[in-house]
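Have a look at run.cif below; it lists mmCIF, C-alpha atoms.
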```cif
data_protein
loop_
_atom_site.group_PDB
_atom_site.id
_atom_site.type_symbol
_atom_site.label_atom_id
_atom_site.label_comp_id
_atom_site.auth_asym_id
_atom_site.auth_seq_id
_atom_site.Cartn_x
_atom_site.Cartn_y
_atom_site.Cartn_z
ATOM 1 C CA MET A 430 0.000 0.000 0.000
ATOM 2 C CA ASP A 431 1.200 3.541 -0.758
ATOM 3 C CA ASP A 432 2.408 5.765 2.045
ATOM 4 C CA ARG A 433 -0.436 7.858 3.357
ATOM 5 C CA VAL A 434 -0.283 11.644 3.300
ATOM 6 C CA LYS A 435 -2.291 13.714 5.775
ATOM 7 C CA LEU A 436 -4.246 16.572 4.219
ATOM 8 C CA LYS A 437 -5.801 19.773 5.504
ATOM 9 C CA VAL A 438 -8.493 21.945 3.956
ATOM 10 C CA MET A 439 -6.975 25.173 2.605
ATOM 11 C CA GLY A 440 -10.229 26.699 1.395
ATOM 12 C CA ILE A 441 -12.617 27.078 -1.494
ATOM 13 C CA THR A 442 -12.294 29.201 -4.600
ATOM 14 C CA TYR A 443 -14.247 29.667 -7.813
ATOM 15 C CA SER A 444 -13.280 27.048 -10.372
ATOM 16 C CA GLN A 445 -11.322 28.438 -13.296
ATOM 17 C CA ILE A 446 -11.841 25.168 -15.167
ATOM 18 C CA GLN A 447 -15.587 24.600 -14.861
ATOM 19 C CA ASN A 448 -18.066 27.476 -15.013
ATOM 20 C CA GLY A 449 -20.493 27.632 -12.068
ATOM 21 C CA ALA A 450 -18.435 25.237 -9.955
ATOM 22 C CA TYR A 451 -15.966 25.639 -7.128
ATOM 23 C CA ALA A 452 -12.564 24.210 -6.337
ATOM 24 C CA LEU A 453 -11.944 22.718 -2.913
ATOM 25 C CA VAL A 454 -8.231 23.046 -2.197
ATOM 26 C CA LEU A 455 -6.618 20.389 -0.024
ATOM 27 C CA ALA A 456 -2.972 20.682 1.030
ATOM 28 C CA GLU A 457 -0.551 18.143 2.358
ATOM 29 C CA GLU A 458 -0.025 18.890 6.032
ATOM 30 C CA ASN A 459 3.768 18.820 5.840
ATOM 31 C CA GLY A 460 4.506 20.017 2.332
ATOM 32 C CA ASP A 461 3.833 22.448 -0.495
ATOM 33 C CA ARG A 462 1.571 20.373 -2.724
ATOM 34 C CA ARG A 463 -2.098 21.252 -3.161
ATOM 35 C CA ILE A 464 -4.938 19.215 -4.647
ATOM 36 C CA PRO A 465 -7.779 21.208 -6.261
ATOM 37 C CA ILE A 466 -11.038 19.228 -6.399
ATOM 38 C CA ILE A 467 -13.995 20.508 -8.436
ATOM 39 C CA ILE A 468 -17.188 20.484 -6.340
ATOM 40 C CA GLY A 469 -20.747 21.732 -6.687
ATOM 41 C CA THR A 470 -22.330 24.829 -5.206
ATOM 42 C CA ALA A 471 -24.222 23.065 -2.389
ATOM 43 C CA GLU A 472 -21.120 21.250 -1.180
ATOM 44 C CA ALA A 473 -19.055 24.442 -1.465
ATOM 45 C CA GLN A 474 -21.603 26.282 0.692
ATOM 46 C CA SER A 475 -21.602 23.501 3.268
ATOM 47 C CA ILE A 476 -17.807 23.483 3.497
ATOM 48 C CA ALA A 477 -17.551 27.297 3.466
ATOM 49 C CA ILE A 478 -19.928 27.811 6.383
ATOM 50 C CA ARG A 479 -17.944 25.317 8.437
ATOM 51 C CA LEU A 480 -14.608 26.922 7.543
ATOM 52 C CA GLU A 481 -16.007 30.327 8.528
ATOM 53 C CA HIS A 482 -17.591 28.991 11.742
ATOM 54 C CA LEU A 483 -21.062 30.144 10.697
ATOM 55 C CA THR A 484 -24.185 28.562 12.165
ATOM 56 C CA PRO A 485 -27.089 28.214 9.744
ATOM 57 C CA PRO A 486 -30.590 28.744 11.164
ATOM 58 C CA ARG A 487 -31.444 25.092 10.430
ATOM 59 C CA PRO A 488 -29.053 22.110 10.162
ATOM 60 C CA MET A 489 -27.719 21.412 6.691
ATOM 61 C CA THR A 490 -27.512 17.839 5.368
ATOM 62 C CA HIS A 491 -23.906 17.344 6.495
ATOM 63 C CA ASP A 492 -24.755 18.716 9.968
ATOM 64 C CA LEU A 493 -27.675 16.306 10.162
ATOM 65 C CA PHE A 494 -25.490 13.365 9.150
ATOM 66 C CA ALA A 495 -22.827 14.224 11.745
ATOM 67 C CA SER A 496 -25.466 14.685 14.485
ATOM 68 C CA PHE A 497 -27.129 11.405 13.544
ATOM 69 C CA ALA A 498 -23.847 9.479 13.755
ATOM 70 C CA GLN A 499 -22.917 11.125 17.055
ATOM 71 C CA GLY A 500 -26.383 10.426 18.471
ATOM 72 C CA PHE A 501 -25.910 6.715 17.871
ATOM 73 C CA GLY A 502 -22.345 6.646 19.175
ATOM 74 C CA ILE A 503 -20.742 6.272 15.761
ATOM 75 C CA ARG A 504 -17.463 8.098 15.228
ATOM 76 C CA LEU A 505 -15.892 9.089 11.930
ATOM 77 C CA ARG A 506 -12.296 7.914 12.332
ATOM 78 C CA GLU A 507 -10.980 9.299 9.026
ATOM 79 C CA VAL A 508 -11.612 10.254 5.435
ATOM 80 C CA PHE A 509 -9.406 8.532 2.878
ATOM 81 C CA VAL A 510 -9.125 9.857 -0.683
ATOM 82 C CA TYR A 511 -8.132 6.517 -2.178
ATOM 83 C CA HIS A 512 -8.508 6.842 -5.959
ATOM 84 C CA TYR A 513 -7.946 9.409 -8.701
ATOM 85 C CA GLU A 514 -8.723 8.931 -12.381
ATOM 86 C CA ASP A 515 -9.606 11.358 -15.189
ATOM 87 C CA GLY A 516 -9.951 14.270 -12.761
ATOM 88 C CA VAL A 517 -12.346 12.401 -10.455
ATOM 89 C CA PHE A 518 -11.444 11.636 -6.834
ATOM 90 C CA SER A 519 -12.994 8.771 -4.874
ATOM 91 C CA SER A 520 -13.127 8.737 -1.099
ATOM 92 C CA GLU A 521 -14.261 6.551 1.731
ATOM 93 C CA LEU A 522 -15.289 7.232 5.289
ATOM 94 C CA LEU A 523 -14.097 4.945 8.092
ATOM 95 C CA PHE A 524 -16.659 4.736 10.903
ATOM 96 C CA ASP A 525 -16.283 3.115 14.324
ATOM 97 C CA ASP A 526 -19.038 2.342 16.833
ATOM 98 C CA GLY A 527 -16.713 0.965 19.502
ATOM 99 C CA THR A 528 -17.132 -2.673 18.482
ATOM 100 C CA ARG A 529 -16.645 -2.655 14.740
ATOM 101 C CA GLN A 530 -15.351 -0.497 11.920
ATOM 102 C CA ILE A 531 -17.025 0.002 8.578
ATOM 103 C CA ARG A 532 -15.898 1.784 5.404
ATOM 104 C CA ILE A 533 -18.440 3.652 3.285
ATOM 105 C CA ASP A 534 -17.795 5.010 -0.213
ATOM 106 C CA SER A 535 -18.453 8.743 -0.622
ATOM 107 C CA ARG A 536 -18.088 11.699 -2.914
ATOM 108 C CA THR A 537 -14.989 13.530 -1.769
ATOM 109 C CA SER A 538 -16.857 16.809 -1.266
ATOM 110 C CA ASP A 539 -19.379 15.160 1.082
ATOM 111 C CA ALA A 540 -16.624 13.303 2.935
ATOM 112 C CA ILE A 541 -14.704 16.548 3.525
ATOM 113 C CA ALA A 542 -17.844 18.410 4.648
ATOM 114 C CA ILE A 543 -18.523 15.695 7.238
ATOM 115 C CA ALA A 544 -14.864 15.487 8.310
ATOM 116 C CA LEU A 545 -14.857 19.222 9.040
ATOM 117 C CA ARG A 546 -17.921 18.838 11.262
ATOM 118 C CA THR A 547 -16.459 15.909 13.185
ATOM 119 C CA GLN A 548 -12.863 17.191 13.225
ATOM 120 C CA SER A 549 -11.712 13.957 11.613
ATOM 121 C CA PRO A 550 -8.388 13.556 9.804
ATOM 122 C CA ILE A 551 -8.181 13.435 6.001
ATOM 123 C CA TYR A 552 -5.640 11.289 4.150
ATOM 124 C CA THR A 553 -4.642 10.375 0.618
ATOM 125 C CA THR A 554 -1.843 8.362 -0.946
ATOM 126 C CA GLU A 555 1.548 9.576 -2.082
ATOM 127 C CA LYS A 556 0.650 8.299 -5.562
ATOM 128 C CA ILE A 557 -2.490 10.479 -5.752
ATOM 129 C CA ILE A 558 -0.816 13.622 -4.450
ATOM 130 C CA SER A 559 2.041 13.063 -6.908
ATOM 131 C CA GLU A 560 -0.400 12.722 -9.829
ATOM 132 C CA ALA A 561 -2.939 15.398 -8.901
ATOM 133 C CA GLY A 562 -0.930 17.693 -6.645
ATOM 134 C CA ILE A 563 0.188 21.138 -7.702
ATOM 135 C CA ILE A 564 2.881 23.231 -6.051
ATOM 136 C CA PHE A 565 1.624 26.804 -5.801
ATOM 137 C CA GLN A 566 4.152 29.605 -5.869
ATOM 138 C CA GLU A 567 3.491 31.696 -2.809
ATOM 139 C CA GLU A 568 3.313 35.450 -3.321
ATOM 140 C CA PRO A 569 4.971 37.747 -0.803
ATOM 141 C CA LYS A 570 2.636 38.188 2.170
ATOM 142 C CA GLU A 571 2.542 41.994 1.885
ATOM 143 C CA LYS A 572 1.359 41.840 -1.730
ATOM 144 C CA LYS A 573 -1.288 39.249 -0.813
ATOM 145 C CA LYS A 574 -2.635 41.421 2.016
ATOM 146 C CA GLU A 575 -2.916 44.464 -0.251
ATOM 147 C CA GLU A 576 -4.792 42.497 -2.936
ATOM 148 C CA THR A 577 -7.124 40.942 -0.378
ATOM 149 C CA LYS A 578 -7.934 44.326 1.116
ATOM 150 C CA THR A 579 -8.665 45.821 -2.289
ATOM 151 C CA VAL A 580 -10.924 43.003 -3.424
ATOM 152 C CA LYS A 581 -12.913 42.604 -0.232
ATOM 153 C CA ARG A 582 -13.094 46.219 0.879
ATOM 154 C CA LYS A 583 -14.317 47.453 -2.490
ATOM 155 C CA HIS A 584 -17.776 46.130 -1.680
ATOM 156 C CA LEU A 585 -17.914 46.103 2.105
ATOM 157 C CA ASN A 586 -15.985 49.219 3.136
ATOM 158 C CA ASP A 587 -18.999 51.461 2.635
ATOM 159 C CA TYR A 588 -20.968 49.782 5.432
ATOM 160 C CA SER A 589 -20.750 50.493 9.145
ATOM 161 C CA THR A 590 -20.001 47.603 11.493
ATOM 162 C CA LYS A 591 -23.631 47.568 12.624
ATOM 163 C CA GLU A 592 -24.832 47.402 9.005
ATOM 164 C CA LEU A 593 -22.384 44.579 8.266
ATOM 165 C CA LYS A 594 -23.686 42.566 11.220
ATOM 166 C CA GLU A 595 -27.236 43.030 9.930
ATOM 167 C CA ARG A 596 -26.144 41.976 6.436
ATOM 168 C CA LEU A 597 -24.390 38.925 7.908
ATOM 169 C CA GLU A 598 -27.559 37.817 9.714
ATOM 170 C CA GLU A 599 -29.561 38.363 6.533
ATOM 171 C CA ALA A 600 -27.057 36.398 4.405
ATOM 172 C CA VAL A 601 -27.159 33.429 6.815
ATOM 173 C CA ARG A 602 -30.970 33.573 6.931
ATOM 174 C CA MET A 603 -31.071 33.590 3.100
ATOM 175 C CA GLU A 604 -28.445 30.774 3.007
ATOM 176 C CA ALA A 605 -26.055 32.974 0.986
ATOM 177 C CA TYR A 606 -23.051 31.472 2.734
ATOM 178 C CA GLU A 607 -20.318 32.729 0.426
ATOM 179 C CA LYS A 608 -21.552 36.285 0.962
ATOM 180 C CA ALA A 609 -21.796 35.658 4.697
ATOM 181 C CA ALA A 610 -18.217 34.397 4.777
ATOM 182 C CA LEU A 611 -16.934 37.559 3.075
ATOM 183 C CA ILE A 612 -18.871 39.775 5.482
ATOM 184 C CA GLN A 613 -17.569 37.826 8.461
ATOM 185 C CA GLN A 614 -13.985 38.215 7.218
ATOM 186 C CA GLU A 615 -14.481 41.983 6.982
ATOM 187 C CA LEU A 616 -15.916 42.091 10.517
ATOM 188 C CA LYS A 617 -12.929 40.119 11.827
ATOM 189 C CA LYS A 618 -10.523 42.557 10.174
ATOM 190 C CA ARG A 619 -12.278 45.475 11.834
ATOM 191 C CA GLU A 620 -12.176 43.748 15.238
ATOM 192 C CA GLN A 621 -8.437 43.119 14.846
ATOM 193 C CA LYS A 622 -7.824 46.788 14.002
ATOM 194 C CA GLN A 623 -9.739 47.923 17.084
ATOM 195 C CA GLY A 624 -8.156 45.285 19.365
#
```
Would you give me this structure, written as structure tokens?
Amino acid sequence: MDDRVKLKVMGITYSQIQNGAYALVLAEENGDRRIPIIIGTAEAQSIAIRLEHLTPPRPMTHDLFASFAQGFGIRLREVFVYHYEDGVFSSELLFDDGTRQIRIDSRTSDAIAIALRTQSPIYTTEKIISEAGIIFQEEPKEKKKEETKTVKRKHLNDYSTKELKERLEEAVRMEAYEKAALIQQELKKREQKQG
């Protein structure tokens, strides 16, 4: 069996390959390689709200699944991205109820969304990360900060903190999670400046 590589979720971005889709970016925990995985809008929203620590007014499907498993004493031990072919990743979830373990096949996007909710580790093989991994050239941090400020503040800078909090509540209520994530990032920046 190939050596396993532990992964972490770097974030989500708009897909430059497929219109109307998103790219989930996974990174090896101790290295520079990244794996972009094309995912749908619903899965991107589910992952984004977890990454941004947002709480939707009602549980989403992945929240429900995690609560169901926890309620019956079933623990997600790990997610394993075990296969890659023609741009498609296959994953499995390893569950444990204390007496037995069971592996269940899953779409990678769903597996990651559940792993984030249960704080479970994510792994792949060295072979897969060698085939699908990309090494991103990091830009200088100062340049990155300036670009981030310009892009995000263009739209949100005109609002007061109170207005942003109202817009955040409205975005969560309307399930516009990408918008909510951007607003929350702006609010965090303002808190850091004041603190």
Work out how far apart atom CA of A:Gln548 and atom CA of A:Leu616 are and give it in Å to one decimal.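 One can read the atom CA of A:Gln548 to atom CA of A:Leu616 distance as 25.2 Å.
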One decimal, Å: what's the distance from atom CA of A:Ile563 over to atom CA of A:Ile478, could you say?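 Taking atom CA of A:Ile563 as the start and atom CA of A:Ile478 as the end point, the length is 25.4 Å.
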Residues returned when the PyMOL selection byres ((chain A and resi 509-526) around 8) runs on this file, as number ranges by chain: A: 466, 502-508, 527-537, 540, 551-554, 557, 561
Around stretch 534-541 of chain A, fit a box with edges along x, y and z, padding it by 6 Å on each side, then list its centre and edge lengths in Å to one decimal as lines of an AutoDock Vina configuration file.
```
center_x = -17.0
center_y = 10.9
center_z = 0.3
size_x = 16.7
size_y = 23.8
size_z = 18.4
```
Can you turn the PyMOL selection byres ((chain A and resi 487-491) around 9) into a concrete residue list for this file, as an NGL selection string? :A and (475 or 484-486 or 492-496 or 539 or 542-543 or 546)
Nearby residues (all atoms listed in the file) at most 10 Å from A:Thr442, same-chain spacing under 6 positions excluded, as a PyMOL selection string: chain A and resi 450-454+465+467+473+477
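Going from atom CA of A:Glu458 over to atom CA of A:Ile441, you cover 16.8 Å.
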Name the closest residue to A:Glu620 among the candidates A:Thr470, A:Thr590, A:Ser559, A:Ser444; distances are taken between atoms, counting all atoms listed in the file. A:Thr590
Return the single residue from A:Ile558, A:Arg602, A:Arg596, A:Lys591 that is closest to A:Arg619, with distances computed using only C-alpha atoms.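 The answer is A:Lys591, which sits nearest to A:Arg619.
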When distances are computed from only C-alpha atoms, which of A:Gly500, A:Gly562, A:Gly449, A:Pro550 shows the smallest separation from A:Lys437?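 Of A:Gly500, A:Gly562, A:Gly449, A:Pro550, the one nearest A:Lys437 is A:Pro550, counting only C-alpha atoms.
Minimum atom-to-atom distances from A:Gln447, A:Glu555, A:Ile612, A:Arg463 to A:Tyr588 were compared using only C-alpha atoms, and the lowest value belongs to A:Ile612.
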Specify as a PyMOL selection string each residue included when the PyMOL selection byres ((chain A and resi 461) around 9) is applied to this file. chain A and resi 456-460+462-463+563-566
